[in-house]
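Below is run34.cif, holding mmCIF, C-alpha atoms.
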data_protein
loop_
_atom_site.group_PDB
_atom_site.id
_atom_site.type_symbol
_atom_site.label_atom_id
_atom_site.label_comp_id
_atom_site.auth_asym_id
_atom_site.auth_seq_id
_atom_site.Cartn_x
_atom_site.Cartn_y
_atom_site.Cartn_z
ATOM 1 C CA MET C 141 -158.615 76.259 -45.722
ATOM 2 C CA THR C 142 -156.265 78.752 -44.181
ATOM 3 C CA PRO C 143 -152.980 79.555 -45.931
ATOM 4 C CA ASP C 144 -151.079 77.669 -43.213
ATOM 5 C CA ALA C 145 -153.212 74.560 -43.760
ATOM 6 C CA VAL C 146 -152.613 74.753 -47.509
ATOM 7 C CA THR C 147 -148.895 75.094 -46.843
ATOM 8 C CA ILE C 148 -148.796 72.070 -44.542
ATOM 9 C CA ALA C 149 -150.804 70.024 -47.052
ATOM 10 C CA ALA C 150 -148.364 70.981 -49.816
ATOM 11 C CA MET C 151 -145.412 69.962 -47.658
ATOM 12 C CA ILE C 152 -146.996 66.575 -46.934
ATOM 13 C CA ILE C 153 -147.710 66.070 -50.632
ATOM 14 C CA LEU C 154 -144.009 66.603 -51.304
ATOM 15 C CA ILE C 155 -142.594 64.712 -48.332
ATOM 16 C CA PHE C 156 -144.600 61.530 -48.909
ATOM 17 C CA PRO C 157 -143.042 60.453 -52.255
ATOM 18 C CA MET C 158 -139.593 61.589 -51.144
ATOM 19 C CA GLY C 159 -139.912 59.583 -47.944
ATOM 20 C CA TYR C 160 -141.154 56.529 -49.812
ATOM 21 C CA PHE C 161 -138.207 56.689 -52.193
ATOM 22 C CA THR C 162 -135.833 57.142 -49.249
ATOM 23 C CA LEU C 163 -137.153 53.940 -47.705
ATOM 24 C CA ALA C 164 -137.504 51.881 -50.904
ATOM 25 C CA SER C 165 -134.287 52.624 -52.771
ATOM 26 C CA PRO C 166 -131.683 51.361 -50.237
ATOM 27 C CA ALA C 167 -133.058 47.822 -50.633
ATOM 28 C CA PHE C 168 -131.376 47.747 -54.041
ATOM 29 C CA LEU C 169 -128.007 48.119 -52.344
ATOM 30 C CA LEU C 170 -128.387 44.540 -51.111
ATOM 31 C CA VAL C 171 -128.635 42.957 -54.558
ATOM 32 C CA LYS C 172 -126.448 42.821 -57.661
ATOM 33 C CA LEU C 173 -127.485 45.102 -60.501
ATOM 34 C CA ASP C 174 -126.165 42.706 -63.128
ATOM 35 C CA ILE C 175 -129.382 40.707 -62.644
ATOM 36 C CA GLN C 176 -131.727 41.986 -65.345
ATOM 37 C CA PRO C 177 -135.057 41.942 -63.434
ATOM 38 C CA VAL C 178 -133.457 43.719 -60.466
ATOM 39 C CA ALA C 179 -131.994 46.447 -62.654
ATOM 40 C CA GLN C 180 -135.324 46.879 -64.472
ATOM 41 C CA LEU C 181 -137.124 47.187 -61.153
ATOM 42 C CA LEU C 182 -134.628 49.843 -60.035
ATOM 43 C CA ARG C 183 -135.189 51.689 -63.310
ATOM 44 C CA GLY C 184 -138.942 51.544 -62.736
ATOM 45 C CA LEU C 185 -138.541 52.883 -59.201
ATOM 46 C CA PHE C 186 -136.539 55.876 -60.418
ATOM 47 C CA ASN C 187 -138.888 56.508 -63.324
ATOM 48 C CA ALA C 188 -141.940 56.471 -61.053
ATOM 49 C CA HIS C 189 -140.171 58.652 -58.491
ATOM 50 C CA PHE C 190 -139.324 61.330 -61.036
ATOM 51 C CA LEU C 191 -142.878 61.288 -62.418
ATOM 52 C CA VAL C 192 -144.510 61.495 -58.989
ATOM 53 C CA MET C 193 -142.126 64.228 -57.835
ATOM 54 C CA GLY C 194 -142.830 66.248 -60.974
ATOM 55 C CA VAL C 195 -146.582 66.086 -60.416
ATOM 56 C CA ALA C 196 -146.367 66.611 -56.644
ATOM 57 C CA SER C 197 -144.030 69.573 -57.074
ATOM 58 C CA VAL C 198 -146.299 71.262 -59.582
ATOM 59 C CA ILE C 199 -149.217 70.782 -57.178
ATOM 60 C CA GLY C 200 -147.048 72.084 -54.332
ATOM 61 C CA THR C 201 -146.008 75.137 -56.357
ATOM 62 C CA VAL C 202 -149.627 76.024 -57.059
ATOM 63 C CA ALA C 203 -150.537 75.442 -53.410
ATOM 64 C CA PHE C 204 -147.778 77.772 -52.205
ATOM 65 C CA LEU C 205 -148.870 80.429 -54.694
ATOM 66 C CA VAL C 206 -152.469 80.126 -53.478
ATOM 67 C CA ALA C 207 -151.262 80.344 -49.866
ATOM 68 C CA GLY C 208 -149.418 83.566 -50.662
ATOM 69 C CA ARG C 209 -145.917 82.173 -50.139
ATOM 70 C CA PRO C 210 -144.103 83.008 -53.394
ATOM 71 C CA VAL C 211 -140.593 82.279 -52.074
ATOM 72 C CA PHE C 212 -141.578 78.704 -51.262
ATOM 73 C CA ALA C 213 -143.416 78.456 -54.573
ATOM 74 C CA ILE C 214 -140.151 79.298 -56.333
ATOM 75 C CA GLY C 215 -138.274 76.676 -54.299
ATOM 76 C CA VAL C 216 -140.839 73.975 -54.971
ATOM 77 C CA GLY C 217 -140.992 75.069 -58.596
ATOM 78 C CA ALA C 218 -137.251 74.438 -58.759
ATOM 79 C CA ILE C 219 -137.856 70.923 -57.422
ATOM 80 C CA ALA C 220 -140.494 70.460 -60.140
ATOM 81 C CA ALA C 221 -138.069 71.623 -62.818
ATOM 82 C CA PHE C 222 -135.360 69.329 -61.414
ATOM 83 C CA ALA C 223 -137.749 66.355 -61.434
ATOM 84 C CA ILE C 224 -139.046 67.013 -64.929
ATOM 85 C CA ARG C 225 -135.691 67.807 -66.570
ATOM 86 C CA GLY C 226 -133.713 65.418 -64.377
ATOM 87 C CA ARG C 227 -135.945 62.496 -65.286
ATOM 88 C CA ARG C 228 -134.983 62.654 -68.934
ATOM 89 C CA TRP C 229 -131.260 62.982 -68.147
ATOM 90 C CA PHE C 230 -131.244 60.329 -65.446
ATOM 91 C CA MET C 231 -133.326 57.763 -67.312
ATOM 92 C CA GLN C 232 -131.167 58.182 -70.438
ATOM 93 C CA ARG C 233 -128.034 57.475 -68.388
ATOM 94 C CA MET C 234 -129.687 54.496 -66.731
ATOM 95 C CA ASP C 235 -130.855 53.088 -70.081
ATOM 96 C CA ASP C 236 -127.331 53.539 -71.478
ATOM 97 C CA GLN C 237 -125.873 51.515 -68.615
ATOM 98 C CA LEU C 238 -128.534 48.820 -68.924
ATOM 99 C CA SER C 239 -127.774 48.509 -72.651
ATOM 100 C CA ALA C 240 -124.052 48.395 -71.950
ATOM 101 C CA ARG C 241 -124.607 45.675 -69.354
ATOM 102 C CA ASP C 242 -126.690 43.664 -71.827
ATOM 103 C CA ALA C 243 -123.918 44.090 -74.432
ATOM 104 C CA GLY C 244 -121.418 42.510 -72.034
ATOM 105 C CA ASP C 245 -119.761 45.563 -70.450
ATOM 106 C CA ALA C 246 -118.504 44.284 -67.096
ATOM 107 C CA GLU C 247 -118.245 47.831 -65.656
ATOM 108 C CA ALA C 248 -121.844 48.804 -66.463
ATOM 109 C CA PRO C 249 -123.322 47.437 -63.209
ATOM 110 C CA ARG C 250 -120.797 49.518 -61.261
ATOM 111 C CA ARG C 251 -121.761 52.682 -63.183
ATOM 112 C CA LEU C 252 -125.415 51.785 -62.651
ATOM 113 C CA ARG C 253 -124.750 51.484 -58.917
ATOM 114 C CA ARG C 254 -123.102 54.928 -58.987
ATOM 115 C CA LEU C 255 -126.237 56.367 -60.619
ATOM 116 C CA HIS C 256 -128.283 54.685 -57.905
ATOM 117 C CA TRP C 257 -126.186 56.360 -55.195
ATOM 118 C CA VAL C 258 -126.410 59.761 -56.917
ATOM 119 C CA GLY C 259 -130.193 59.477 -57.148
ATOM 120 C CA MET C 260 -130.501 58.540 -53.491
ATOM 121 C CA LEU C 261 -128.181 61.372 -52.448
ATOM 122 C CA CYS C 262 -130.096 63.974 -54.470
ATOM 123 C CA ASN C 263 -133.373 62.810 -52.966
ATOM 124 C CA ALA C 264 -131.917 62.886 -49.438
ATOM 125 C CA VAL C 265 -130.596 66.429 -49.865
ATOM 126 C CA LEU C 266 -133.961 67.654 -51.170
ATOM 127 C CA LEU C 267 -135.828 65.846 -48.399
ATOM 128 C CA VAL C 268 -133.629 67.341 -45.669
ATOM 129 C CA ALA C 269 -133.993 70.820 -47.173
ATOM 130 C CA LEU C 270 -137.761 70.421 -47.391
ATOM 131 C CA VAL C 271 -138.138 69.154 -43.826
ATOM 132 C CA ALA C 272 -135.825 71.900 -42.527
ATOM 133 C CA SER C 273 -137.967 74.537 -44.230
ATOM 134 C CA ILE C 274 -141.231 73.446 -42.575
ATOM 135 C CA PRO C 275 -140.965 75.883 -39.640
ATOM 136 C CA TYR C 276 -140.411 78.747 -42.081
ATOM 137 C CA ALA C 277 -143.156 77.715 -44.498
ATOM 138 C CA ALA C 278 -145.919 77.463 -41.895
ATOM 139 C CA PRO C 279 -144.925 79.231 -38.689
ATOM 140 C CA LEU C 280 -146.987 78.356 -35.636
ATOM 141 C CA THR C 281 -147.509 81.982 -34.602
#
Show the structure stored in the file as C-alpha cells.
Amino acid sequence: MTPDAVTIAAMIILIFPMGYFTLASPAFLLVKLDIQPVAQLLRGLFNAHFLVMGVASVIGTVAFLVAGRPVFAIGVGAIAAFAIRGRRWFMQRMDDQLSARDAGDAEAPRRLRRLHWVGMLCNAVLLVALVASIPYAAPLT
C-alpha cells in the first residue's frame, strides 16, 4: 500500500467509531436518565466508545508513523491518550452519578445528562477536526 492509502485507511478507522457514536448518542436525549436500564445502556455506550477509540487511535498512530506522517501520528496519538485517560475519568464520574441517583439524589440525572452532553461535544469537536484534516493528511497531488 502507498503511504496515502495507509493514511486514508487510518482516517477511516478513526472516523467510523466517532461517526457511530455521533449517530447513536443523541437518541439518549429523548429519554429520562433516571430510568436505570437507560442510564446503564448510556454508560455502556460511553465505555465501548472510549475503548474502541483507544484501540483505533493506537492503530491510527502506528499507521501514520508507517506512512511517514509524524505530525498526524502525534495528533492521533493525542486522541489515543485522551481516549485511554479520559475513559477512566469519565466512567468514574458517570458511576458516581449513577450511584447518587440510586441513593435518591434527585439532581443526579441532571448531572448525568450534563456528562452526556460533554461527551457528545468532545466527540463532535474531535470528529470535525479529524474530517477537516483529511486534505492535509492525504493530499491528492
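The result of the PyMOL selection byres ((chain C and resi 219-222) around 9) on the shown file is Phe190, Met193, Gly194, Val195, Ala196, Ser197, Val198, Gly200, Thr201, Ile214, Gly215, Val216, Gly217, Ala218, Ala223, Ile224, Arg225, Gly226, Arg227 and Leu266 of chain C.
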Once you have the residues from the selection above, write them out as a PDB file, in the coordinates of the input, restricted to C-alpha atoms.
ATOM      1  CA  PHE C 190    -139.324  61.330 -61.036  1.00  0.00           C
ATOM      2  CA  MET C 193    -142.126  64.228 -57.835  1.00  0.00           C
ATOM      3  CA  GLY C 194    -142.830  66.248 -60.974  1.00  0.00           C
ATOM      4  CA  VAL C 195    -146.582  66.086 -60.416  1.00  0.00           C
ATOM      5  CA  ALA C 196    -146.367  66.611 -56.644  1.00  0.00           C
ATOM      6  CA  SER C 197    -144.030  69.573 -57.074  1.00  0.00           C
ATOM      7  CA  VAL C 198    -146.299  71.262 -59.582  1.00  0.00           C
ATOM      8  CA  GLY C 200    -147.048  72.084 -54.332  1.00  0.00           C
ATOM      9  CA  THR C 201    -146.008  75.137 -56.357  1.00  0.00           C
ATOM     10  CA  ILE C 214    -140.151  79.298 -56.333  1.00  0.00           C
ATOM     11  CA  GLY C 215    -138.274  76.676 -54.299  1.00  0.00           C
ATOM     12  CA  VAL C 216    -140.839  73.975 -54.971  1.00  0.00           C
ATOM     13  CA  GLY C 217    -140.992  75.069 -58.596  1.00  0.00           C
ATOM     14  CA  ALA C 218    -137.251  74.438 -58.759  1.00  0.00           C
ATOM     15  CA  ALA C 223    -137.749  66.355 -61.434  1.00  0.00           C
ATOM     16  CA  ILE C 224    -139.046  67.013 -64.929  1.00  0.00           C
ATOM     17  CA  ARG C 225    -135.691  67.807 -66.570  1.00  0.00           C
ATOM     18  CA  GLY C 226    -133.713  65.418 -64.377  1.00  0.00           C
ATOM     19  CA  ARG C 227    -135.945  62.496 -65.286  1.00  0.00           C
ATOM     20  CA  LEU C 266    -133.961  67.654 -51.170  1.00  0.00           C
TER      21      LEU C 266
END
Which residues of region 158-268 of chain C come within 8 Å of region 141-153 of chain C, and for each one, what is the closest pair of atoms and their distance in Å to one decimal, counting only C-alpha atoms, sorted by chain and residue number, as a tab-separated table?
residue	atom	partner	partner_atom	distance
C:Ala196	CA	C:Ile153	CA	6.2
C:Ile199	CA	C:Ala150	CA	7.4
C:Gly200	CA	C:Ala150	CA	4.8
C:Ala203	CA	C:Ala150	CA	6.1
C:Phe204	CA	C:Thr147	CA	6.1
C:Val206	CA	C:Pro143	CA	7.6
C:Ala207	CA	C:Pro143	CA	4.4
C:Gly208	CA	C:Pro143	CA	7.2
Original post:
Pick from C:Gly259, C:Leu252, C:Ala277, C:Val202: nearest to Lys172 (chain C), with all atoms listed in the file counted?
Top reply: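 Looking at the shortest contact to Lys172 (chain C), the residue is C:Leu252.
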**OP:** Take the point (-132.8, 55.2, -53.9) in the file's coordinates, draw a sphere of radius 7 Å around it, and report as a ChimeraX atom specification every protein, DNA or RNA residue with an atom inside or on it, counting all atoms listed in the file.
**Re:** /C:161-162,164-166,256-257,259-260
How would the residues just chosen look if you wrote them out with C-alpha atoms as a PDB file, in the frame of the given file?
ATOM      1  CA  PHE C 161    -138.207  56.689 -52.193  1.00  0.00           C
ATOM      2  CA  THR C 162    -135.833  57.142 -49.249  1.00  0.00           C
ATOM      3  CA  ALA C 164    -137.504  51.881 -50.904  1.00  0.00           C
ATOM      4  CA  SER C 165    -134.287  52.624 -52.771  1.00  0.00           C
ATOM      5  CA  PRO C 166    -131.683  51.361 -50.237  1.00  0.00           C
ATOM      6  CA  HIS C 256    -128.283  54.685 -57.905  1.00  0.00           C
ATOM      7  CA  TRP C 257    -126.186  56.360 -55.195  1.00  0.00           C
ATOM      8  CA  GLY C 259    -130.193  59.477 -57.148  1.00  0.00           C
ATOM      9  CA  MET C 260    -130.501  58.540 -53.491  1.00  0.00           C
TER      10      MET C 260
END
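Using all atoms listed in the file, the smallest distance between any of C:Arg254, C:Val265, C:Phe156, C:Leu205 and Phe230 (chain C) comes from C:Arg254.
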**OP:** For each of C:Ala213, C:Leu238, C:Leu185, C:Met231, take the minimum atom-to-atom distance to Leu173 (chain C), counting only C-alpha atoms, then give the residue where this is smallest.
**Re:** C:Leu238
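Atom to atom, CA of Ala272 (chain C) and CA of Leu169 (chain C) stand 26.9 Å apart.
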**OP:** Figure out the distance between CA of Gly184 (chain C) and CA of Ala269 (chain C), please, to one decimal in Å.
**Re:**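 Separation between CA of Ala269 (chain C) and CA of Gly184 (chain C): 25.3 Å.
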Ala248 (chain C) surroundings by only C-alpha atoms, 8 Å radius, close-in-sequence under 5 positions cut, as an mmCIF file with C-alpha atoms, keeping the file's coordinate frame:
data_model
loop_
_atom_site.group_PDB
_atom_site.id
_atom_site.type_symbol
_atom_site.label_atom_id
_atom_site.label_comp_id
_atom_site.auth_asym_id
_atom_site.auth_seq_id
_atom_site.Cartn_x
_atom_site.Cartn_y
_atom_site.Cartn_z
ATOM 1 C CA GLN C 237 -125.873 51.515 -68.615
ATOM 2 C CA LEU C 238 -128.534 48.820 -68.924
ATOM 3 C CA ALA C 240 -124.052 48.395 -71.950
ATOM 4 C CA ARG C 241 -124.607 45.675 -69.354
#
**OP:** Rank C:Leu255, C:Leu163, C:Ala179, C:Met158 by their smallest atom-to-atom distance to Val192 (chain C), using all atoms listed in the file, and report the top residue only.
**Re:**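 Smallest separation from Val192 (chain C) among the options: C:Met158.
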Original post:
So, counting all atoms listed in the file, which residue among C:Leu154, C:Ala246, C:Met234, C:Val211 is closest to Leu181 (chain C)?
Top reply: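 Ranking C:Leu154, C:Ala246, C:Met234, C:Val211 by distance to Leu181 (chain C), first place goes to C:Met234.
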**OP:** Name the closest residue to Tyr160 (chain C) among the candidates C:Leu267, C:Ala243, C:Ile175, C:Val258; distances are taken between atoms, counting all atoms listed in the file.
**Re:** C:Leu267
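Separating CA of Asp242 (chain C) from CA of Trp229 (chain C) is a distance of 20.2 Å.
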Would you give the centre and edge lengths, in Å to one decimal, of a box along x, y and z around the listed atoms of region 223-231 of chain C, with 3 Å added to each side, as AutoDock Vina command-line options?
--center_x -135.1 --center_y 62.8 --center_z -65.2 --size_x 13.8 --size_y 16.0 --size_z 13.5
